[in-house]
$ cat work.pdb   # PDB, C-alpha atoms
ATOM      1  CA  MET A   1      94.054  99.195 109.438
ATOM      2  CA  PRO A   2      94.307 101.087 112.673
ATOM      3  CA  SER A   3      95.087 104.593 111.462
ATOM      4  CA  ILE A   4      92.668 107.110 110.003
ATOM      5  CA  ASN A   5      95.178 108.067 107.301
ATOM      6  CA  PRO A   6      96.922 104.798 106.489
ATOM      7  CA  ARG A   7     100.258 104.759 104.691
ATOM      8  CA  VAL A   8      99.815 102.374 101.774
ATOM      9  CA  ILE A   9     102.480 101.318  99.289
ATOM     10  CA  VAL A  10     101.116 100.224  95.923
ATOM     11  CA  ALA A  11     103.541  98.447  93.581
ATOM     12  CA  ASP A  12     102.126  98.234  90.068
ATOM     13  CA  ALA A  13     103.871  98.744  86.743
ATOM     14  CA  ARG A  14     100.603  99.475  84.931
ATOM     15  CA  ASN A  15      99.372 102.011  87.493
ATOM     16  CA  SER A  16      95.841 100.571  87.646
ATOM     17  CA  LEU A  17      95.863  99.356  91.259
ATOM     18  CA  HIS A  18      96.576 102.842  92.564
ATOM     19  CA  TYR A  19      93.157 104.114  91.493
ATOM     20  CA  LEU A  20      91.317 101.050  92.829
ATOM     21  CA  VAL A  21      92.999 101.271  96.211
ATOM     22  CA  ARG A  22      92.319 104.993  96.520
ATOM     23  CA  ALA A  23      88.650 104.538  95.616
ATOM     24  CA  ALA A  24      88.180 101.646  98.058
ATOM     25  CA  LEU A  25      89.776 103.521 100.946
ATOM     26  CA  GLU A  26      87.799 106.677 100.223
ATOM     27  CA  LEU A  27      84.575 104.645 100.333
ATOM     28  CA  MET A  28      85.582 103.682 103.875
ATOM     29  CA  ASP A  29      86.180 107.382 104.734
ATOM     30  CA  ARG A  30      89.934 106.889 104.903
ATOM     31  CA  ARG A  31      92.316 109.432 103.501
ATOM     32  CA  PRO A  32      95.255 107.261 102.547
ATOM     33  CA  ARG A  33      98.803 108.366 101.986
ATOM     34  CA  LEU A  34      99.400 106.341  98.853
ATOM     35  CA  ILE A  35     102.963 105.756  97.808
ATOM     36  CA  GLU A  36     102.982 104.691  94.189
ATOM     37  CA  THR A  37     105.869 102.493  93.020
ATOM     38  CA  TYR A  38     106.394 100.766  89.701
ATOM     39  CA  ASN A  39     108.788  97.956  90.617
ATOM     40  CA  GLY A  40     109.923  95.828  93.509
ATOM     41  CA  ASP A  41     113.124  97.745  94.163
ATOM     42  CA  ASP A  42     111.275 101.025  94.653
ATOM     43  CA  ALA A  43     108.718  99.337  96.910
ATOM     44  CA  MET A  44     111.476  97.865  99.087
ATOM     45  CA  GLN A  45     113.120 101.303  99.358
ATOM     46  CA  GLU A  46     109.810 102.755 100.545
ATOM     47  CA  LEU A  47     109.500  99.967 103.125
ATOM     48  CA  LYS A  48     112.875 100.972 104.537
ATOM     49  CA  ILE A  49     111.924 104.656 104.722
ATOM     50  CA  GLY A  50     108.924 104.017 106.921
ATOM     51  CA  VAL A  51     106.717 101.113 107.936
ATOM     52  CA  PRO A  52     103.492 101.183 105.918
ATOM     53  CA  ASP A  53     100.086 100.071 107.129
ATOM     54  CA  LEU A  54      99.662  97.994 103.992
ATOM     55  CA  LEU A  55     101.585  96.820 100.916
ATOM     56  CA  ILE A  56      99.587  96.046  97.795
ATOM     57  CA  THR A  57     101.361  94.599  94.787
ATOM     58  CA  ALA A  58     100.425  93.527  91.306
ATOM     59  CA  HIS A  59     101.324  89.990  90.354
ATOM     60  CA  THR A  60     103.537  91.135  87.470
ATOM     61  CA  LEU A  61     106.103  93.894  87.927
ATOM     62  CA  VAL A  62     108.651  95.428  85.576
ATOM     63  CA  ASP A  63     111.854  94.107  87.107
ATOM     64  CA  THR A  64     112.927  90.601  88.019
ATOM     65  CA  THR A  65     110.902  90.670  91.245
ATOM     66  CA  ASN A  66     107.281  89.683  90.704
ATOM     67  CA  GLY A  67     104.444  90.453  93.122
ATOM     68  CA  PRO A  68     104.527  87.248  95.211
ATOM     69  CA  ILE A  69     108.324  87.443  95.603
ATOM     70  CA  LEU A  70     108.054  91.104  96.618
ATOM     71  CA  ALA A  71     105.436  90.202  99.235
ATOM     72  CA  LEU A  72     107.720  87.517 100.702
ATOM     73  CA  MET A  73     110.696  89.900 100.770
ATOM     74  CA  ALA A  74     108.593  92.592 102.470
ATOM     75  CA  LYS A  75     107.321  90.097 105.041
ATOM     76  CA  ARG A  76     110.926  89.193 105.886
ATOM     77  CA  GLU A  77     111.739  92.869 106.418
ATOM     78  CA  ILE A  78     108.628  93.669 108.465
ATOM     79  CA  ALA A  79     106.962  90.646 110.022
ATOM     80  CA  ALA A  80     103.807  92.547 111.074
ATOM     81  CA  LEU A  81     103.144  93.909 107.582
ATOM     82  CA  PRO A  82      99.653  92.991 106.323
TER      83      PRO A  82
END

$ encode --input "work.pdb" --output "structure tokens"
Amino acid sequence: MPSINPRVIVADARNSLHYLVRAALELMDRRPRLIETYNGDDAMQELKIGVPDLLITAHTLVDTTNGPILALMAKREIAALP
């Protein structure tokens, strides 16, 4: 991640990944701008608003889009997305 304050989208219906990601980035002295989403549709909307430095998704999401499908859709939108 090149930026000091990375923009990270976390897609997780249970809201547990958000805390893990924040803790991990803070251990690396990063002050992330975490965007918390609960389903694939919201995550895709956030991708269109601005290119994130990272997308992290849970395997299971609330809507019909699961984590692996969301990752593939995001990669189609932004090829350089890690």

$ residues_around --input "work.pdb" --residues "region 23-37 of chain A" --least-positions-apart "4" --cutoff "9 Å" --atoms "only C-alpha atoms" --output "list of chain:residue names"
A:Ser3, A:Ile4, A:Asn5, A:Pro6, A:Arg7, A:Val8, A:Ile9, A:Val10, A:Ala11, A:Asp12, A:Ala13, A:Asn15, A:His18, A:Tyr19, A:Asp41, A:Asp42, A:Ala43, A:Glu46

$ write_last_selection --input "work.pdb" --atoms "C-alpha atoms" --output "PDB file, in the frame of the given file"
ATOM      1  CA  SER A   3      95.087 104.593 111.462  1.00  0.00           C
ATOM      2  CA  ILE A   4      92.668 107.110 110.003  1.00  0.00           C
ATOM      3  CA  ASN A   5      95.178 108.067 107.301  1.00  0.00           C
ATOM      4  CA  PRO A   6      96.922 104.798 106.489  1.00  0.00           C
ATOM      5  CA  ARG A   7     100.258 104.759 104.691  1.00  0.00           C
ATOM      6  CA  VAL A   8      99.815 102.374 101.774  1.00  0.00           C
ATOM      7  CA  ILE A   9     102.480 101.318  99.289  1.00  0.00           C
ATOM      8  CA  VAL A  10     101.116 100.224  95.923  1.00  0.00           C
ATOM      9  CA  ALA A  11     103.541  98.447  93.581  1.00  0.00           C
ATOM     10  CA  ASP A  12     102.126  98.234  90.068  1.00  0.00           C
ATOM     11  CA  ALA A  13     103.871  98.744  86.743  1.00  0.00           C
ATOM     12  CA  ASN A  15      99.372 102.011  87.493  1.00  0.00           C
ATOM     13  CA  HIS A  18      96.576 102.842  92.564  1.00  0.00           C
ATOM     14  CA  TYR A  19      93.157 104.114  91.493  1.00  0.00           C
ATOM     15  CA  ASP A  41     113.124  97.745  94.163  1.00  0.00           C
ATOM     16  CA  ASP A  42     111.275 101.025  94.653  1.00  0.00           C
ATOM     17  CA  ALA A  43     108.718  99.337  96.910  1.00  0.00           C
ATOM     18  CA  GLU A  46     109.810 102.755 100.545  1.00  0.00           C
TER      19      GLU A  46
END

$ atom_distance --input "work.pdb" --atom1 "CA of Val21 (chain A)" --atom2 "CA of His59 (chain A)"
15.2 Å

$ closest_residue --input "work.pdb" --among "A:Lys48, A:Thr65, A:Leu54, A:Gly40" --to "Ala80 (chain A)" --atoms "all atoms listed in the file"
A:Leu54

$ closest_residue --input "work.pdb" --among "A:Arg22, A:Asp53, A:Met44, A:Tyr38" --to "Ile69 (chain A)" --atoms "all atoms listed in the file"
A:Met44

$ closest_residue --input "work.pdb" --among "A:Pro82, A:Leu70, A:Ser16, A:Gln45" --to "Thr57 (chain A)" --atoms "only C-alpha atoms"
A:Leu70

$ atom_distance --input "work.pdb" --atom1 "CA of Asn39 (chain A)" --atom2 "CA of Leu72 (chain A)"
14.6 Å

$ atom_distance --input "work.pdb" --atom1 "CA of Val62 (chain A)" --atom2 "CA of Leu81 (chain A)"
22.7 Å

$ build_atoms --input "work.pdb" --residues "region 7-43 of chain A" --atoms "N, CA and C atoms" --output "PDB file, in the frame of the given file"
ATOM      1  N   ARG A   7      99.171 104.653 105.672  1.00  0.00           N
ATOM      2  CA  ARG A   7     100.258 104.759 104.691  1.00  0.00           C
ATOM      3  C   ARG A   7     100.259 103.453 103.908  1.00  0.00           C
ATOM      4  N   VAL A   8      99.974 103.548 102.623  1.00  0.00           N
ATOM      5  CA  VAL A   8      99.815 102.374 101.774  1.00  0.00           C
ATOM      6  C   VAL A   8     100.799 102.466 100.610  1.00  0.00           C
ATOM      7  N   ILE A   9     101.582 101.403 100.435  1.00  0.00           N
ATOM      8  CA  ILE A   9     102.480 101.318  99.289  1.00  0.00           C
ATOM      9  C   ILE A   9     101.810 100.441  98.243  1.00  0.00           C
ATOM     10  N   VAL A  10     101.699 100.966  97.035  1.00  0.00           N
ATOM     11  CA  VAL A  10     101.116 100.224  95.923  1.00  0.00           C
ATOM     12  C   VAL A  10     102.201 100.029  94.872  1.00  0.00           C
ATOM     13  N   ALA A  11     102.528  98.772  94.588  1.00  0.00           N
ATOM     14  CA  ALA A  11     103.541  98.447  93.581  1.00  0.00           C
ATOM     15  C   ALA A  11     102.835  97.883  92.356  1.00  0.00           C
ATOM     16  N   ASP A  12     102.831  98.652  91.281  1.00  0.00           N
ATOM     17  CA  ASP A  12     102.126  98.234  90.068  1.00  0.00           C
ATOM     18  C   ASP A  12     102.737  98.946  88.870  1.00  0.00           C
ATOM     19  N   ALA A  13     103.243  98.173  87.935  1.00  0.00           N
ATOM     20  CA  ALA A  13     103.871  98.744  86.743  1.00  0.00           C
ATOM     21  C   ALA A  13     102.852  99.410  85.826  1.00  0.00           C
ATOM     22  N   ARG A  14     101.631  98.924  85.834  1.00  0.00           N
ATOM     23  CA  ARG A  14     100.603  99.475  84.931  1.00  0.00           C
ATOM     24  C   ARG A  14      99.823 100.638  85.525  1.00  0.00           C
ATOM     25  N   ASN A  15      99.995 100.879  86.827  1.00  0.00           N
ATOM     26  CA  ASN A  15      99.372 102.011  87.493  1.00  0.00           C
ATOM     27  C   ASN A  15      97.848 101.895  87.602  1.00  0.00           C
ATOM     28  N   SER A  16      97.293 100.705  87.528  1.00  0.00           N
ATOM     29  CA  SER A  16      95.841 100.571  87.646  1.00  0.00           C
ATOM     30  C   SER A  16      95.400 100.296  89.080  1.00  0.00           C
ATOM     31  N   LEU A  17      96.229  99.649  89.873  1.00  0.00           N
ATOM     32  CA  LEU A  17      95.863  99.356  91.259  1.00  0.00           C
ATOM     33  C   LEU A  17      95.763 100.614  92.114  1.00  0.00           C
ATOM     34  N   HIS A  18      96.568 101.594  91.799  1.00  0.00           N
ATOM     35  CA  HIS A  18      96.576 102.842  92.564  1.00  0.00           C
ATOM     36  C   HIS A  18      95.176 103.442  92.650  1.00  0.00           C
ATOM     37  N   TYR A  19      94.487 103.514  91.534  1.00  0.00           N
ATOM     38  CA  TYR A  19      93.157 104.114  91.493  1.00  0.00           C
ATOM     39  C   TYR A  19      92.131 103.262  92.242  1.00  0.00           C
ATOM     40  N   LEU A  20      92.240 101.945  92.127  1.00  0.00           N
ATOM     41  CA  LEU A  20      91.317 101.050  92.829  1.00  0.00           C
ATOM     42  C   LEU A  20      91.494 101.146  94.344  1.00  0.00           C
ATOM     43  N   VAL A  21      92.725 101.182  94.784  1.00  0.00           N
ATOM     44  CA  VAL A  21      92.999 101.271  96.211  1.00  0.00           C
ATOM     45  C   VAL A  21      92.498 102.596  96.766  1.00  0.00           C
ATOM     46  N   ARG A  22      92.779 103.674  96.066  1.00  0.00           N
ATOM     47  CA  ARG A  22      92.319 104.993  96.520  1.00  0.00           C
ATOM     48  C   ARG A  22      90.799 105.034  96.613  1.00  0.00           C
ATOM     49  N   ALA A  23      90.115 104.526  95.607  1.00  0.00           N
ATOM     50  CA  ALA A  23      88.650 104.538  95.616  1.00  0.00           C
ATOM     51  C   ALA A  23      88.088 103.692  96.763  1.00  0.00           C
ATOM     52  N   ALA A  24      88.658 102.523  96.984  1.00  0.00           N
ATOM     53  CA  ALA A  24      88.180 101.646  98.058  1.00  0.00           C
ATOM     54  C   ALA A  24      88.366 102.288  99.429  1.00  0.00           C
ATOM     55  N   LEU A  25      89.528 102.894  99.655  1.00  0.00           N
ATOM     56  CA  LEU A  25      89.776 103.521 100.946  1.00  0.00           C
ATOM     57  C   LEU A  25      88.907 104.763 101.147  1.00  0.00           C
ATOM     58  N   GLU A  26      88.661 105.504 100.099  1.00  0.00           N
ATOM     59  CA  GLU A  26      87.799 106.677 100.223  1.00  0.00           C
ATOM     60  C   GLU A  26      86.357 106.280 100.519  1.00  0.00           C
ATOM     61  N   LEU A  27      85.911 105.147  99.999  1.00  0.00           N
ATOM     62  CA  LEU A  27      84.575 104.645 100.333  1.00  0.00           C
ATOM     63  C   LEU A  27      84.449 104.321 101.818  1.00  0.00           C
ATOM     64  N   MET A  28      85.564 103.980 102.444  1.00  0.00           N
ATOM     65  CA  MET A  28      85.582 103.682 103.875  1.00  0.00           C
ATOM     66  C   MET A  28      85.919 104.928 104.706  1.00  0.00           C
ATOM     67  N   ASP A  29      85.850 106.108 104.092  1.00  0.00           N
ATOM     68  CA  ASP A  29      86.180 107.382 104.734  1.00  0.00           C
ATOM     69  C   ASP A  29      87.600 107.425 105.280  1.00  0.00           C
ATOM     70  N   ARG A  30      88.510 106.826 104.567  1.00  0.00           N
ATOM     71  CA  ARG A  30      89.934 106.889 104.903  1.00  0.00           C
ATOM     72  C   ARG A  30      90.608 107.813 103.904  1.00  0.00           C
ATOM     73  N   ARG A  31      91.522 108.574 104.372  1.00  0.00           N
ATOM     74  CA  ARG A  31      92.316 109.432 103.501  1.00  0.00           C
ATOM     75  C   ARG A  31      93.722 108.871 103.456  1.00  0.00           C
ATOM     76  N   PRO A  32      93.965 107.952 102.550  1.00  0.00           N
ATOM     77  CA  PRO A  32      95.255 107.261 102.547  1.00  0.00           C
ATOM     78  C   PRO A  32      96.394 108.139 102.056  1.00  0.00           C
ATOM     79  N   ARG A  33      97.571 107.802 102.528  1.00  0.00           N
ATOM     80  CA  ARG A  33      98.803 108.366 101.986  1.00  0.00           C
ATOM     81  C   ARG A  33      99.355 107.288 101.063  1.00  0.00           C
ATOM     82  N   LEU A  34      98.986 107.364  99.814  1.00  0.00           N
ATOM     83  CA  LEU A  34      99.400 106.341  98.853  1.00  0.00           C
ATOM     84  C   LEU A  34     100.782 106.650  98.309  1.00  0.00           C
ATOM     85  N   ILE A  35     101.637 105.667  98.401  1.00  0.00           N
ATOM     86  CA  ILE A  35     102.963 105.756  97.808  1.00  0.00           C
ATOM     87  C   ILE A  35     102.939 104.840  96.602  1.00  0.00           C
ATOM     88  N   GLU A  36     103.091 105.418  95.450  1.00  0.00           N
ATOM     89  CA  GLU A  36     102.982 104.691  94.189  1.00  0.00           C
ATOM     90  C   GLU A  36     104.379 104.290  93.712  1.00  0.00           C
ATOM     91  N   THR A  37     104.599 102.983  93.543  1.00  0.00           N
ATOM     92  CA  THR A  37     105.869 102.493  93.020  1.00  0.00           C
ATOM     93  C   THR A  37     105.585 101.630  91.804  1.00  0.00           C
ATOM     94  N   TYR A  38     106.591 101.481  90.961  1.00  0.00           N
ATOM     95  CA  TYR A  38     106.394 100.766  89.701  1.00  0.00           C
ATOM     96  C   TYR A  38     107.173  99.458  89.620  1.00  0.00           C
ATOM     97  N   ASN A  39     108.042  99.216  90.616  1.00  0.00           N
ATOM     98  CA  ASN A  39     108.788  97.956  90.617  1.00  0.00           C
ATOM     99  C   ASN A  39     109.119  97.557  92.044  1.00  0.00           C
ATOM    100  N   GLY A  40     109.624  96.356  92.194  1.00  0.00           N
ATOM    101  CA  GLY A  40     109.923  95.828  93.509  1.00  0.00           C
ATOM    102  C   GLY A  40     111.018  96.564  94.242  1.00  0.00           C
ATOM    103  N   ASP A  41     112.015  97.019  93.525  1.00  0.00           N
ATOM    104  CA  ASP A  41     113.124  97.745  94.163  1.00  0.00           C
ATOM    105  C   ASP A  41     112.642  99.035  94.813  1.00  0.00           C
ATOM    106  N   ASP A  42     111.809  99.787  94.090  1.00  0.00           N
ATOM    107  CA  ASP A  42     111.275 101.025  94.653  1.00  0.00           C
ATOM    108  C   ASP A  42     110.386 100.746  95.862  1.00  0.00           C
ATOM    109  N   ALA A  43     109.589  99.690  95.793  1.00  0.00           N
ATOM    110  CA  ALA A  43     108.718  99.337  96.910  1.00  0.00           C
ATOM    111  C   ALA A  43     109.543  98.980  98.145  1.00  0.00           C
TER     112      ALA A  43
END
